[in-house]
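K.L.:
There's a structure below that I have some questions on.
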There are 2 protein chains.
Amino acid sequence: MSGITALLFDLFLVFLAAKVAAELFERIHQPPVIGELLAGVLIGPFALGLIGRPDAGLVEVFHGDATAPQEAIDLVYHLVAELGIVVLLFFVGLETRLGDILRVGGRAGVVAVLGVVIPFVLGYGLMGPILGHPTVESIFVGAAMVATSVGITARVLRDLGVIASTEARIILGAAVIDDIFAMVNLAAVAGLATTGSISLLGIGIIAGQALLFTAFVALVGRGAVRRYGLRLEHLKMDGAPLAVSLLVMLGLAALSAWIGLAAIIGAFLAGMVFAEAREHFELEHQTLPIYQFLVPFFFVRTGAQVDWRLFLDGGIMGVALAVTVLALAGKVVGCGLGVLGLGRRSAAIIGVGMAPRGEVGLIVASLGLSLGAIPTQIFSVVVIMSILTALVVPPVLRVLYAGHPETEVSAEDTESPAGKLPDM
Amino acid sequence: MSGITALLFDLFLVFLAAKVAAELFERIHQPPVIGELLAGVLIGPFALGLIGRPDAGLVEVFHGDATAPQEAIDLVYHLVAELGIVVLLFFVGLETRLGDILRVGGRAGVVAVLGVVIPFVLGYGLMGPILGHPTVESIFVGAAMVATSVGITARVLRDLGVIASTEARIILGAAVIDDIFAMVNLAAVAGLATTGSISLLGIGIIAGQALLFTAFVALVGRGAVRRYGLRLEHLKMDGAPLAVSLLVMLGLAALSAWIGLAAIIGAFLAGMVFAEAREHFELEHQTLPIYQFLVPFFFVRTGAQVDWRLFLDGGIMGVALAVTVLALAGKVVGCGLGVLGLGRRSAAIIGVGMAPRGEVGLIVASLGLSLGAIPTQIFSVVVIMSILTALVVPPVLRVLYAGHPETEVSAEDTESPAGKLPDM
């Protein structure tokens, strides 16, 4: 089998596993995204090994080299998965106007700040003062507990049809701010590990750049789409409005990754900018099929990266469970405190929605590992924490929204095609 | 820049180049697909080198290895491009019912057979008897001139809004049969080059398998969709009909590549099978955005693979031009002869539509090169022939259809969204 044929088979298997799992989980009234994650664990290289391993054809392409084909296949999966999560956040952006975010901006800011400070303090406190690990190691664990990975929450809120609720908007706004903190945080620990100290000036510059980028894109982009958006109809190419919006999505995703933010932040901003023209061009209707094709690859790949054998090591699991509980509590308490005025249920939704950790935490931990600041066991602790926070959040959000399916959705948005295909 | 960020930037550049070129070519009334191909040439590694080169971040992933990152990046591009062309042929399949193909089946069969035999004879005749090359070399050139690559024609016919015309149906039916011949042809020359002889029994078995696969998928698949298709509504997952049809698309593409046919034949068959349920589920409307996102990557990548410096070698270009003229004449005369009863214009459209060569011809030539059956110069001749047949066909088809925009489109299909986005 040639390399490309094997990859097509792999993509087929991933899509098959995702759809079978989504169907099963819908039938047992569980979040389909958890089904997709678990399907990934099952077919991934650490369990059945059905996907993610280079076959003979691919090894041949690399002239029999042992590791390069594996890295190449990882790169292919990573890119397809990245396109999936970029499209997901672009779609969520399309359902979110900048005005909606600015209206909850103050609250989102408080949520983001407390949701960064409290998990860091809890993580640092557990590892240093309580468990007696070295200071740098404790700082790395605290830092790895900071950044929210909003992809899973966005998916669950969309599946539940509540992406336009006040809580969802606060979560999305806070996630953008949180990501700026995450970047600052990453720069800080990288500096700490390499030079032994933290340069406040350097960090201030990074934070300023990120803020400027976000504000510039959001405000100027919105203005441009408002003023010139309708002119997209005058372009001669087929499907110009969709093409231009996808182009901006790819460009802002790459740009925001390049300046150090997550690619999904750029994609979200791109979607938010084009939200100004969404009804006119039916951008949500048109993006939904791309979403349905590409997004499952992200969640199945994420599952496939889980090495379930980590969960069998009692020593690691003890620390990991403690860190996970603090990671959840840190966001629920920190973020929840910031919005207590909205009532306890909303505070809980926002706290839980901000709880999943993901790539940035893993990047912090990898950095610590590669610089010798943390040992392998602590790296595994962070990995387990990321997995568990991702797995716990969807069912809890579902319970929190149960019985209140539409209460918080503002009237103007209920006609938008949130979560269902038209005419089916 | 990390490897994945660099790839996102590359995808952005590819999409940008594709859309700018498509817009420009629409404005000068030329086929947008040619714009995309030329954009690929321009930004590709042989000209500006904006895409397709691994950056420092990616080289780091491969621990400084020199060639592996290039092969990995080629694999990533190849897969994204392959998804594009698979979606294109799936979409074309959705616009084609099996009944439409069977109605023109006899004619399509004659077109395919003559379109295989005459180019082979012309190519062999030029190289052997006329230019005096060795027999095996001449057989390889003839064999490389056989297989039609229907992707470009399908794209042009769709852009022109005539994918439902009788000519388009004959071309699509003939392309499926042609691909079975191409596979047999490939097996034959591979056998010839390695063993020095051709095993008629082995080739008969391969041809039988391919025929059985195609007939089985088309007939059983159509029956299954007709009988059970509407039950897809009872699935609980979001967007089940689209998801299941995309799943079948990926599965049949991989399967048909695995048995030795082109992946796009499986994708076309998948589309044709779901054409039975297309109105009910609006599958064309839903697939169109995926098409618009992914298809440009195929054509830009195809352009990026063109080494324009080949065109500067006078000696090679002389033979290449002669081979190209015969490649065009072979299909125009061969395929045209088979449908003379439809009138000269239809015969010309079908002949020209079958003329683009592509991957299979290049595979035959690569095989010949790697087995020492042909020298590098002859390989370059085949490469130039593939490029020129691909570039010549779109404008010629456009001229042949000019002034007859809708004459041949059957009435029942004129409501289908052939080529335009809804409500824009």
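Residues in the structure tokens are named by chain (A, B, ... in the order shown) and by number from 1 within that chain; ligands are numbered from 1 in the order shown.
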Given a cut-off of 8 Å, which residues of chain B touch chain A, counting only C-alpha atoms, written out as a PyMOL selection string?

P.N.:
chain B and resi 1+4-9+11-12+15-16+19+22-23+26-27+32+61-62+68-69+71-73+75-76+78-79+233+235-239+242-243+246-247+250-251+253-255+257-258+263+281+286-287+289-290+292-293+419-421+423-424

K.L.:
If we count only C-alpha atoms and set the cut-off at 6 Å, which residues sit around region 333-342 of chain B, ignoring sequence neighbours fewer than 5 positions away in its own chain? Please answer as a CSV table (one decimal) with C-alpha atoms, in the first residue's frame.

P.N.:
```csv
chain,number,residue,atom,x,y,z
B,110,VAL,CA,-16.2,2.6,-27.0
B,111,VAL,CA,-14.8,6.0,-26.1
B,114,LEU,CA,-10.4,3.8,-28.6
B,115,GLY,CA,-9.0,6.4,-26.2
B,118,ILE,CA,-5.0,5.0,-30.3
B,347,ALA,CA,-17.2,14.4,-30.3
B,348,ALA,CA,-14.7,17.2,-30.0
B,351,GLY,CA,-12.2,13.9,-27.1
```

K.L.:
With distances taken over only C-alpha atoms, which residue among B:Ile51, B:Met183, B:Leu369, B:Ile101 lies nearest Gln209 (chain B)?

P.N.:
B:Met183

K.L.:
Find the residues near Ala81 (chain B): any atom within 7 Å, counting only C-alpha atoms, skip ones fewer than 4 places away on the same chain, and give them as a count of residues only.

P.N.:
5

K.L.:
So which bits of region 16-213 of chain A end up helix (DSSP H, G or I) when you DSSP the backbone, as a PDB file with C-alpha atoms, in the first residue's frame?

P.N.:
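Just written: result_33.pdb:
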```
ATOM      1  CA  LEU A  16     -15.688   5.908  11.206  1.00  0.00           C
ATOM      2  CA  ALA A  17     -14.672   5.640  14.872  1.00  0.00           C
ATOM      3  CA  ALA A  18     -15.728   9.247  15.500  1.00  0.00           C
ATOM      4  CA  LYS A  19     -19.157   8.821  13.956  1.00  0.00           C
ATOM      5  CA  VAL A  20     -19.908   5.429  15.541  1.00  0.00           C
ATOM      6  CA  ALA A  21     -18.860   6.802  18.933  1.00  0.00           C
ATOM      7  CA  ALA A  22     -20.840  10.028  18.484  1.00  0.00           C
ATOM      8  CA  GLU A  23     -23.950   8.011  17.584  1.00  0.00           C
ATOM      9  CA  LEU A  24     -23.513   5.675  20.578  1.00  0.00           C
ATOM     10  CA  PHE A  25     -22.944   8.542  23.000  1.00  0.00           C
ATOM     11  CA  GLU A  26     -25.945  10.469  21.675  1.00  0.00           C
ATOM     12  CA  ARG A  27     -28.060   7.362  22.286  1.00  0.00           C
ATOM     13  CA  PRO A  32     -20.611  12.964  21.655  1.00  0.00           C
ATOM     14  CA  VAL A  33     -17.253  14.681  22.062  1.00  0.00           C
ATOM     15  CA  ILE A  34     -16.385  12.260  24.880  1.00  0.00           C
ATOM     16  CA  GLY A  35     -17.269   9.409  22.548  1.00  0.00           C
ATOM     17  CA  GLU A  36     -14.872  10.810  19.960  1.00  0.00           C
ATOM     18  CA  LEU A  37     -12.083  11.219  22.518  1.00  0.00           C
ATOM     19  CA  LEU A  38     -12.548   7.653  23.814  1.00  0.00           C
ATOM     20  CA  ALA A  39     -12.754   6.295  20.257  1.00  0.00           C
ATOM     21  CA  GLY A  40      -9.362   7.933  19.713  1.00  0.00           C
ATOM     22  CA  VAL A  41      -7.945   6.263  22.826  1.00  0.00           C
ATOM     23  CA  LEU A  42      -9.293   2.915  21.604  1.00  0.00           C
ATOM     24  CA  ILE A  43      -7.974   2.973  18.029  1.00  0.00           C
ATOM     25  CA  ALA A  56       5.481  -0.355   5.004  1.00  0.00           C
ATOM     26  CA  GLY A  57       4.705   1.923   2.053  1.00  0.00           C
ATOM     27  CA  LEU A  58       5.463   4.983   4.100  1.00  0.00           C
ATOM     28  CA  VAL A  59       8.644   3.575   5.590  1.00  0.00           C
ATOM     29  CA  GLU A  60       9.751   2.990   1.987  1.00  0.00           C
ATOM     30  CA  VAL A  61       9.170   6.681   1.162  1.00  0.00           C
ATOM     31  CA  ALA A  68      11.164   9.816  10.350  1.00  0.00           C
ATOM     32  CA  PRO A  69       8.002   8.095   9.001  1.00  0.00           C
ATOM     33  CA  GLN A  70       6.473   8.206  12.492  1.00  0.00           C
ATOM     34  CA  GLU A  71       7.254  11.911  12.773  1.00  0.00           C
ATOM     35  CA  ALA A  72       5.884  12.525   9.270  1.00  0.00           C
ATOM     36  CA  ILE A  73       2.638  10.726  10.050  1.00  0.00           C
ATOM     37  CA  ASP A  74       2.368  12.642  13.338  1.00  0.00           C
ATOM     38  CA  LEU A  75       2.790  15.863  11.373  1.00  0.00           C
ATOM     39  CA  VAL A  76       0.034  14.884   8.932  1.00  0.00           C
ATOM     40  CA  TYR A  77      -2.344  14.040  11.773  1.00  0.00           C
ATOM     41  CA  HIS A  78      -1.402  17.168  13.635  1.00  0.00           C
ATOM     42  CA  LEU A  79      -2.159  19.376  10.636  1.00  0.00           C
ATOM     43  CA  VAL A  80      -5.514  17.739   9.859  1.00  0.00           C
ATOM     44  CA  ALA A  81      -6.457  17.938  13.552  1.00  0.00           C
ATOM     45  CA  GLU A  82      -5.293  21.551  13.697  1.00  0.00           C
ATOM     46  CA  LEU A  83      -7.486  22.412  10.710  1.00  0.00           C
ATOM     47  CA  GLY A  84     -10.366  20.763  12.588  1.00  0.00           C
ATOM     48  CA  ILE A  85      -9.965  22.802  15.756  1.00  0.00           C
ATOM     49  CA  VAL A  86      -9.312  25.976  13.750  1.00  0.00           C
ATOM     50  CA  VAL A  87     -12.592  25.462  11.879  1.00  0.00           C
ATOM     51  CA  LEU A  88     -14.382  24.727  15.176  1.00  0.00           C
ATOM     52  CA  LEU A  89     -13.278  27.992  16.772  1.00  0.00           C
ATOM     53  CA  PHE A  90     -13.925  29.899  13.529  1.00  0.00           C
ATOM     54  CA  PHE A  91     -17.468  28.529  13.581  1.00  0.00           C
ATOM     55  CA  VAL A  92     -17.909  29.475  17.227  1.00  0.00           C
ATOM     56  CA  GLY A  93     -16.587  32.925  16.333  1.00  0.00           C
ATOM     57  CA  LEU A  94     -19.226  33.218  13.606  1.00  0.00           C
ATOM     58  CA  LEU A  98     -17.714  41.373  19.208  1.00  0.00           C
ATOM     59  CA  GLY A  99     -20.476  43.450  20.810  1.00  0.00           C
ATOM     60  CA  ASP A 100     -21.659  40.380  22.736  1.00  0.00           C
ATOM     61  CA  ILE A 101     -18.148  39.830  24.069  1.00  0.00           C
ATOM     62  CA  LEU A 102     -17.540  43.499  24.901  1.00  0.00           C
ATOM     63  CA  ARG A 103     -20.844  43.617  26.780  1.00  0.00           C
ATOM     64  CA  GLY A 105     -15.916  42.170  28.813  1.00  0.00           C
ATOM     65  CA  GLY A 106     -15.444  43.325  32.392  1.00  0.00           C
ATOM     66  CA  ARG A 107     -16.741  40.084  33.824  1.00  0.00           C
ATOM     67  CA  ALA A 108     -14.703  38.039  31.335  1.00  0.00           C
ATOM     68  CA  GLY A 109     -11.585  39.938  32.404  1.00  0.00           C
ATOM     69  CA  VAL A 110     -12.158  39.189  36.085  1.00  0.00           C
ATOM     70  CA  VAL A 111     -12.892  35.532  35.251  1.00  0.00           C
ATOM     71  CA  ALA A 112      -9.678  35.265  33.272  1.00  0.00           C
ATOM     72  CA  VAL A 113      -7.484  36.896  35.934  1.00  0.00           C
ATOM     73  CA  LEU A 114      -8.840  34.885  38.864  1.00  0.00           C
ATOM     74  CA  GLY A 115      -8.838  31.738  36.737  1.00  0.00           C
ATOM     75  CA  VAL A 116      -5.135  32.219  36.146  1.00  0.00           C
ATOM     76  CA  VAL A 117      -4.018  33.308  39.618  1.00  0.00           C
ATOM     77  CA  ILE A 118      -5.861  30.791  41.784  1.00  0.00           C
ATOM     78  CA  PRO A 119      -4.861  27.588  39.886  1.00  0.00           C
ATOM     79  CA  PHE A 120      -1.252  28.794  39.836  1.00  0.00           C
ATOM     80  CA  VAL A 121      -1.264  29.432  43.598  1.00  0.00           C
ATOM     81  CA  LEU A 122      -2.950  26.092  44.302  1.00  0.00           C
ATOM     82  CA  GLY A 123      -0.582  24.130  42.055  1.00  0.00           C
ATOM     83  CA  TYR A 124       2.501  25.866  43.393  1.00  0.00           C
ATOM     84  CA  GLY A 125       1.276  25.482  46.974  1.00  0.00           C
ATOM     85  CA  LEU A 126       0.634  21.766  46.624  1.00  0.00           C
ATOM     86  CA  MET A 127       3.957  20.953  45.001  1.00  0.00           C
ATOM     87  CA  GLY A 128       6.233  23.279  47.001  1.00  0.00           C
ATOM     88  CA  PRO A 129       5.072  23.964  50.572  1.00  0.00           C
ATOM     89  CA  ILE A 130       3.007  20.764  50.934  1.00  0.00           C
ATOM     90  CA  THR A 135      10.750  25.823  43.788  1.00  0.00           C
ATOM     91  CA  VAL A 136      11.370  25.800  40.018  1.00  0.00           C
ATOM     92  CA  GLU A 137       9.562  22.446  39.716  1.00  0.00           C
ATOM     93  CA  SER A 138       6.613  23.814  41.691  1.00  0.00           C
ATOM     94  CA  ILE A 139       6.465  26.947  39.558  1.00  0.00           C
ATOM     95  CA  PHE A 140       6.352  24.776  36.415  1.00  0.00           C
ATOM     96  CA  VAL A 141       3.450  22.702  37.750  1.00  0.00           C
ATOM     97  CA  GLY A 142       1.574  25.858  38.739  1.00  0.00           C
ATOM     98  CA  ALA A 143       2.263  27.363  35.335  1.00  0.00           C
ATOM     99  CA  ALA A 144       1.078  24.210  33.571  1.00  0.00           C
ATOM    100  CA  GLY A 151     -11.937  23.835  22.285  1.00  0.00           C
ATOM    101  CA  ILE A 152     -13.755  21.122  24.216  1.00  0.00           C
ATOM    102  CA  THR A 153     -16.017  23.557  26.072  1.00  0.00           C
ATOM    103  CA  ALA A 154     -16.859  25.365  22.830  1.00  0.00           C
ATOM    104  CA  ARG A 155     -17.792  22.069  21.243  1.00  0.00           C
ATOM    105  CA  VAL A 156     -19.985  21.007  24.179  1.00  0.00           C
ATOM    106  CA  LEU A 157     -21.765  24.390  24.353  1.00  0.00           C
ATOM    107  CA  ARG A 158     -22.423  24.169  20.639  1.00  0.00           C
ATOM    108  CA  ASP A 159     -23.681  20.589  20.890  1.00  0.00           C
ATOM    109  CA  THR A 166     -24.364  34.805  28.499  1.00  0.00           C
ATOM    110  CA  GLU A 167     -22.246  32.130  30.166  1.00  0.00           C
ATOM    111  CA  ALA A 168     -20.851  30.993  26.813  1.00  0.00           C
ATOM    112  CA  ARG A 169     -19.952  34.558  25.893  1.00  0.00           C
ATOM    113  CA  ILE A 170     -18.161  35.139  29.173  1.00  0.00           C
ATOM    114  CA  ILE A 171     -16.280  31.876  28.698  1.00  0.00           C
ATOM    115  CA  LEU A 172     -15.244  32.808  25.144  1.00  0.00           C
ATOM    116  CA  GLY A 173     -14.186  36.311  26.129  1.00  0.00           C
ATOM    117  CA  ALA A 174     -12.281  35.008  29.135  1.00  0.00           C
ATOM    118  CA  ALA A 175     -10.634  32.344  26.972  1.00  0.00           C
ATOM    119  CA  VAL A 176      -9.193  35.005  24.674  1.00  0.00           C
ATOM    120  CA  ILE A 177      -7.794  36.942  27.634  1.00  0.00           C
ATOM    121  CA  ASP A 178      -6.669  33.703  29.303  1.00  0.00           C
ATOM    122  CA  ASP A 179      -4.700  32.849  26.187  1.00  0.00           C
ATOM    123  CA  ILE A 180      -2.802  36.127  26.401  1.00  0.00           C
ATOM    124  CA  PHE A 181      -1.946  35.272  30.006  1.00  0.00           C
ATOM    125  CA  ALA A 182      -0.940  31.782  28.911  1.00  0.00           C
ATOM    126  CA  MET A 183       1.515  33.246  26.452  1.00  0.00           C
ATOM    127  CA  VAL A 184       2.984  35.583  29.054  1.00  0.00           C
ATOM    128  CA  ASN A 185       3.154  32.688  31.479  1.00  0.00           C
ATOM    129  CA  LEU A 186       4.988  30.531  28.941  1.00  0.00           C
ATOM    130  CA  ALA A 187       7.501  33.285  28.249  1.00  0.00           C
ATOM    131  CA  ALA A 188       8.030  33.737  31.975  1.00  0.00           C
ATOM    132  CA  VAL A 189       8.751  30.094  32.789  1.00  0.00           C
ATOM    133  CA  ALA A 190      10.918  29.731  29.699  1.00  0.00           C
ATOM    134  CA  GLY A 191      12.977  32.688  30.906  1.00  0.00           C
ATOM    135  CA  LEU A 192      13.046  31.315  34.436  1.00  0.00           C
ATOM    136  CA  ALA A 193      14.269  27.908  33.309  1.00  0.00           C
ATOM    137  CA  THR A 194      16.959  29.211  30.967  1.00  0.00           C
ATOM    138  CA  THR A 195      18.241  32.338  32.756  1.00  0.00           C
ATOM    139  CA  LEU A 200       9.407  41.862  33.588  1.00  0.00           C
ATOM    140  CA  LEU A 201      10.194  44.172  30.685  1.00  0.00           C
ATOM    141  CA  GLY A 202      10.390  41.317  28.174  1.00  0.00           C
ATOM    142  CA  ILE A 203       7.140  39.874  29.459  1.00  0.00           C
ATOM    143  CA  GLY A 204       5.459  43.242  29.359  1.00  0.00           C
ATOM    144  CA  ILE A 205       6.407  43.621  25.693  1.00  0.00           C
ATOM    145  CA  ILE A 206       5.006  40.177  24.863  1.00  0.00           C
ATOM    146  CA  ALA A 207       1.762  40.890  26.697  1.00  0.00           C
ATOM    147  CA  GLY A 208       1.451  44.245  24.970  1.00  0.00           C
ATOM    148  CA  GLN A 209       1.939  42.714  21.534  1.00  0.00           C
ATOM    149  CA  ALA A 210      -0.700  40.057  22.185  1.00  0.00           C
ATOM    150  CA  LEU A 211      -3.209  42.593  23.473  1.00  0.00           C
ATOM    151  CA  LEU A 212      -2.591  44.905  20.541  1.00  0.00           C
ATOM    152  CA  PHE A 213      -2.965  42.049  18.056  1.00  0.00           C
TER     153      PHE A 213
END
```

K.L.:
Tell me, in Å to one decimal, how far CA of Ala365 (chain B) is from CA of Ala304 (chain B).

P.N.:
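Rounded to one decimal, the two atoms are 19.2 Å apart.
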
K.L.:
Which residue out of A:Ala329, A:Ile349, A:Ala355, A:Ala322 has the minimum interatomic distance to Leu131 (chain A) when only C-alpha atoms are used?

P.N.:
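Looking at the shortest contact to Leu131 (chain A), the residue is A:Ala322.
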
K.L.:
So the first atom is CA of Arg222 (chain B) and the second is CA of Thr96 (chain B); what is the distance between them in Å, to one decimal place?

P.N.:
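CA of Thr96 (chain B) lies 11.9 Å from CA of Arg222 (chain B).
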
K.L.:
To one decimal place, how far is CA of Leu371 (chain B) from CA of His133 (chain B) in Å?

P.N.:
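So the answer is 16.7 Å.
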
K.L.:
Which residues are near Ile387 (chain A)? Cut-off 8 Å, only C-alpha atoms, ignore same chain within fewer than 4 positions. Put them as a list in words.

P.N.:
Val306, Arg357, Gly358, Val383 and Leu391 of chain A

K.L.:
Nearest residue to Thr148 (chain B) out of B:Lys331, B:His29, B:Arg226, B:Arg97, using only C-alpha atoms?

P.N.:
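Using only C-alpha atoms, Thr148 (chain B) sits closest to B:Lys331.
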